[in-house]
Amino acid sequence: MAGECPGENNDQKTQRQTIMIVGLGNHDLPTTRHSVGMMFVDKLAKMLGCTLTKNRDCLGFIGVKELTTLKVVLLKPKLAMNINGTSVKKTANVFQVQPKNIYLVHDDLDKDVGKIGLKEKGSASGHNGVKSVINNFKTDEIPRLRIGIGRPHCVDLVPTYVLKKFMPLELADIDLALQLGVDKLDDHLMSRFGHSGIRVLRTNS
């Protein structure tokens, strides 16, 4: 057929969409409530058989996985939460990812522990990590997956509360939330990009 290169197959002719999945958190406090987004990325990396390695250009730890219809870039910023938007922006520039294809995964004080939600745009709702990303991209049209961590009874306790580890009785709810989060993200990607009969994030071919 005219225009085809010798030996070219359908996979080579089809340009994969590139998406980023960013786990927000404090890298030096990986198992705390504020870092549940990073816990999510760790789980996803394990599912995809993807190793996260330090990347100085991206100011964080990244992993890349080629799926059938998508190229997935995983990122855990190394910077502090309130400036990690710099890492997200640098990584997006390296891999040429548009804001609408960047999924932020982060903790949500306004949801009970283990509850999840996904929204495609909107304000940072007081989350400093999300605010930093929005400020760097100059747009709030960045999808985000929110994982509930609950809220302390007193607002003055929030700064210390988010830096504490989950209680043992909460861990089962968090483990389930991470799995449900993968499913919700997968459903969203399916609705956007389509991949008949095969779950996007579980396709390793």
# chains A, B, ... in the order shown; residues from 1 in each chain; ligands from 1
call {"tool": "closest_atom_pairs", "arguments": {"of": "region 33-53 of chain A", "to": "region 178-185 of chain A", "cutoff": "9 Å", "atoms": "only C-alpha atoms", "output": "JSON lines"}}
result
{"residue": "A:Val36", "atom": "CA", "partner": "A:Leu178", "partner_atom": "CA", "distance": 8.7}
{"residue": "A:Met39", "atom": "CA", "partner": "A:Leu178", "partner_atom": "CA", "distance": 8.0}
{"residue": "A:Phe40", "atom": "CA", "partner": "A:Leu178", "partner_atom": "CA", "distance": 5.8}
{"residue": "A:Lys43", "atom": "CA", "partner": "A:Leu178", "partner_atom": "CA", "distance": 7.6}
{"residue": "A:Leu44", "atom": "CA", "partner": "A:Val182", "partner_atom": "CA", "distance": 7.4}
call {"tool": "residues_around", "arguments": {"residues": "region 120-134 of chain A", "least_positions_apart": "4", "cutoff": "10 Å", "atoms": "only C-alpha atoms", "output": "PyMOL selection string"}}
result
chain A and resi 24-26+34+80-89+99-100+103-110+138-145+188
call {"tool": "residues_around", "arguments": {"residues": "Asp112 (chain A)", "least_positions_apart": "2", "cutoff": "6 Å", "atoms": "only C-alpha atoms", "output": "list in words"}}
result
Lys115, Gly148, Ile149 and Gly150 of chain A
call {"tool": "write_last_selection", "arguments": {"atoms": "all heavy atoms", "output": "PDB file, in the first residue's frame"}}
result
ATOM      1  N   LYS A 115     -12.558   6.727  50.926  1.00  0.00           N
ATOM      2  CA  LYS A 115     -13.486   7.147  49.872  1.00  0.00           C
ATOM      3  C   LYS A 115     -12.701   7.816  48.749  1.00  0.00           C
ATOM      4  O   LYS A 115     -11.691   8.475  48.997  1.00  0.00           O
ATOM      5  CB  LYS A 115     -14.535   8.116  50.423  1.00  0.00           C
ATOM      6  CG  LYS A 115     -15.393   7.531  51.537  1.00  0.00           C
ATOM      7  CD  LYS A 115     -16.186   6.328  51.057  1.00  0.00           C
ATOM      8  CE  LYS A 115     -17.083   5.790  52.165  1.00  0.00           C
ATOM      9  NZ  LYS A 115     -17.834   4.582  51.726  1.00  0.00           N
ATOM     10  N   GLY A 148      -9.717   9.863  50.067  1.00  0.00           N
ATOM     11  CA  GLY A 148     -10.055  10.395  51.371  1.00  0.00           C
ATOM     12  C   GLY A 148      -9.134   9.937  52.483  1.00  0.00           C
ATOM     13  O   GLY A 148      -8.777   8.756  52.558  1.00  0.00           O
ATOM     14  N   ILE A 149      -8.755  10.896  53.334  1.00  0.00           N
ATOM     15  CA  ILE A 149      -7.928  10.573  54.501  1.00  0.00           C
ATOM     16  C   ILE A 149      -8.624  10.995  55.794  1.00  0.00           C
ATOM     17  O   ILE A 149      -8.069  10.843  56.872  1.00  0.00           O
ATOM     18  CB  ILE A 149      -6.536  11.237  54.419  1.00  0.00           C
ATOM     19  CG1 ILE A 149      -6.654  12.764  54.400  1.00  0.00           C
ATOM     20  CG2 ILE A 149      -5.773  10.729  53.197  1.00  0.00           C
ATOM     21  CD1 ILE A 149      -5.325  13.478  54.576  1.00  0.00           C
ATOM     22  N   GLY A 150      -9.848  11.534  55.676  1.00  0.00           N
ATOM     23  CA  GLY A 150     -10.551  11.996  56.862  1.00  0.00           C
ATOM     24  C   GLY A 150     -10.021  13.332  57.342  1.00  0.00           C
ATOM     25  O   GLY A 150      -9.035  13.856  56.826  1.00  0.00           O
TER      26      GLY A 150
END
call {"tool": "select_by_dssp", "arguments": {"residues": "region 11-204 of chain A", "states": "alpha helix (DSSP H)", "output": "VMD selection string"}}
result
chain A and resid 11 to 13 36 to 48 85 to 95 128 to 137 158 to 161 171 to 193
call {"tool": "residues_around", "arguments": {"residues": "Gly114 (chain A)", "least_positions_apart": "6", "cutoff": "6 Å", "atoms": "only C-alpha atoms", "output": "count of residues only"}}
result
4
call {"tool": "residues_around", "arguments": {"residues": "region 64-75 of chain A", "least_positions_apart": "2", "cutoff": "10 Å", "atoms": "only C-alpha atoms", "output": "JSON, numbers by chain"}}
result
{"A": [11, 14, 15, 16, 17, 18, 19, 20, 21, 22, 23, 24, 38, 41, 42, 44, 45, 48, 49, 50, 51, 52, 53, 54, 55, 58, 59, 60, 61, 62, 77, 78, 87, 88, 91, 92, 95, 97, 102, 103, 104, 189, 193, 194, 195, 198, 200, 201, 202, 203, 204, 205]}
call {"tool": "atom_distance", "arguments": {"atom1": "CA of Lys164 (chain A)", "atom2": "CA of Ser35 (chain A)"}}
result
9.9 Å
call {"tool": "select_by_dssp", "arguments": {"residues": "region 60-203 of chain A", "states": "strand (DSSP E or B)", "output": "PyMOL selection string"}}
result
chain A and resi 60-66+70-77+102-108+116-119+144-148+165
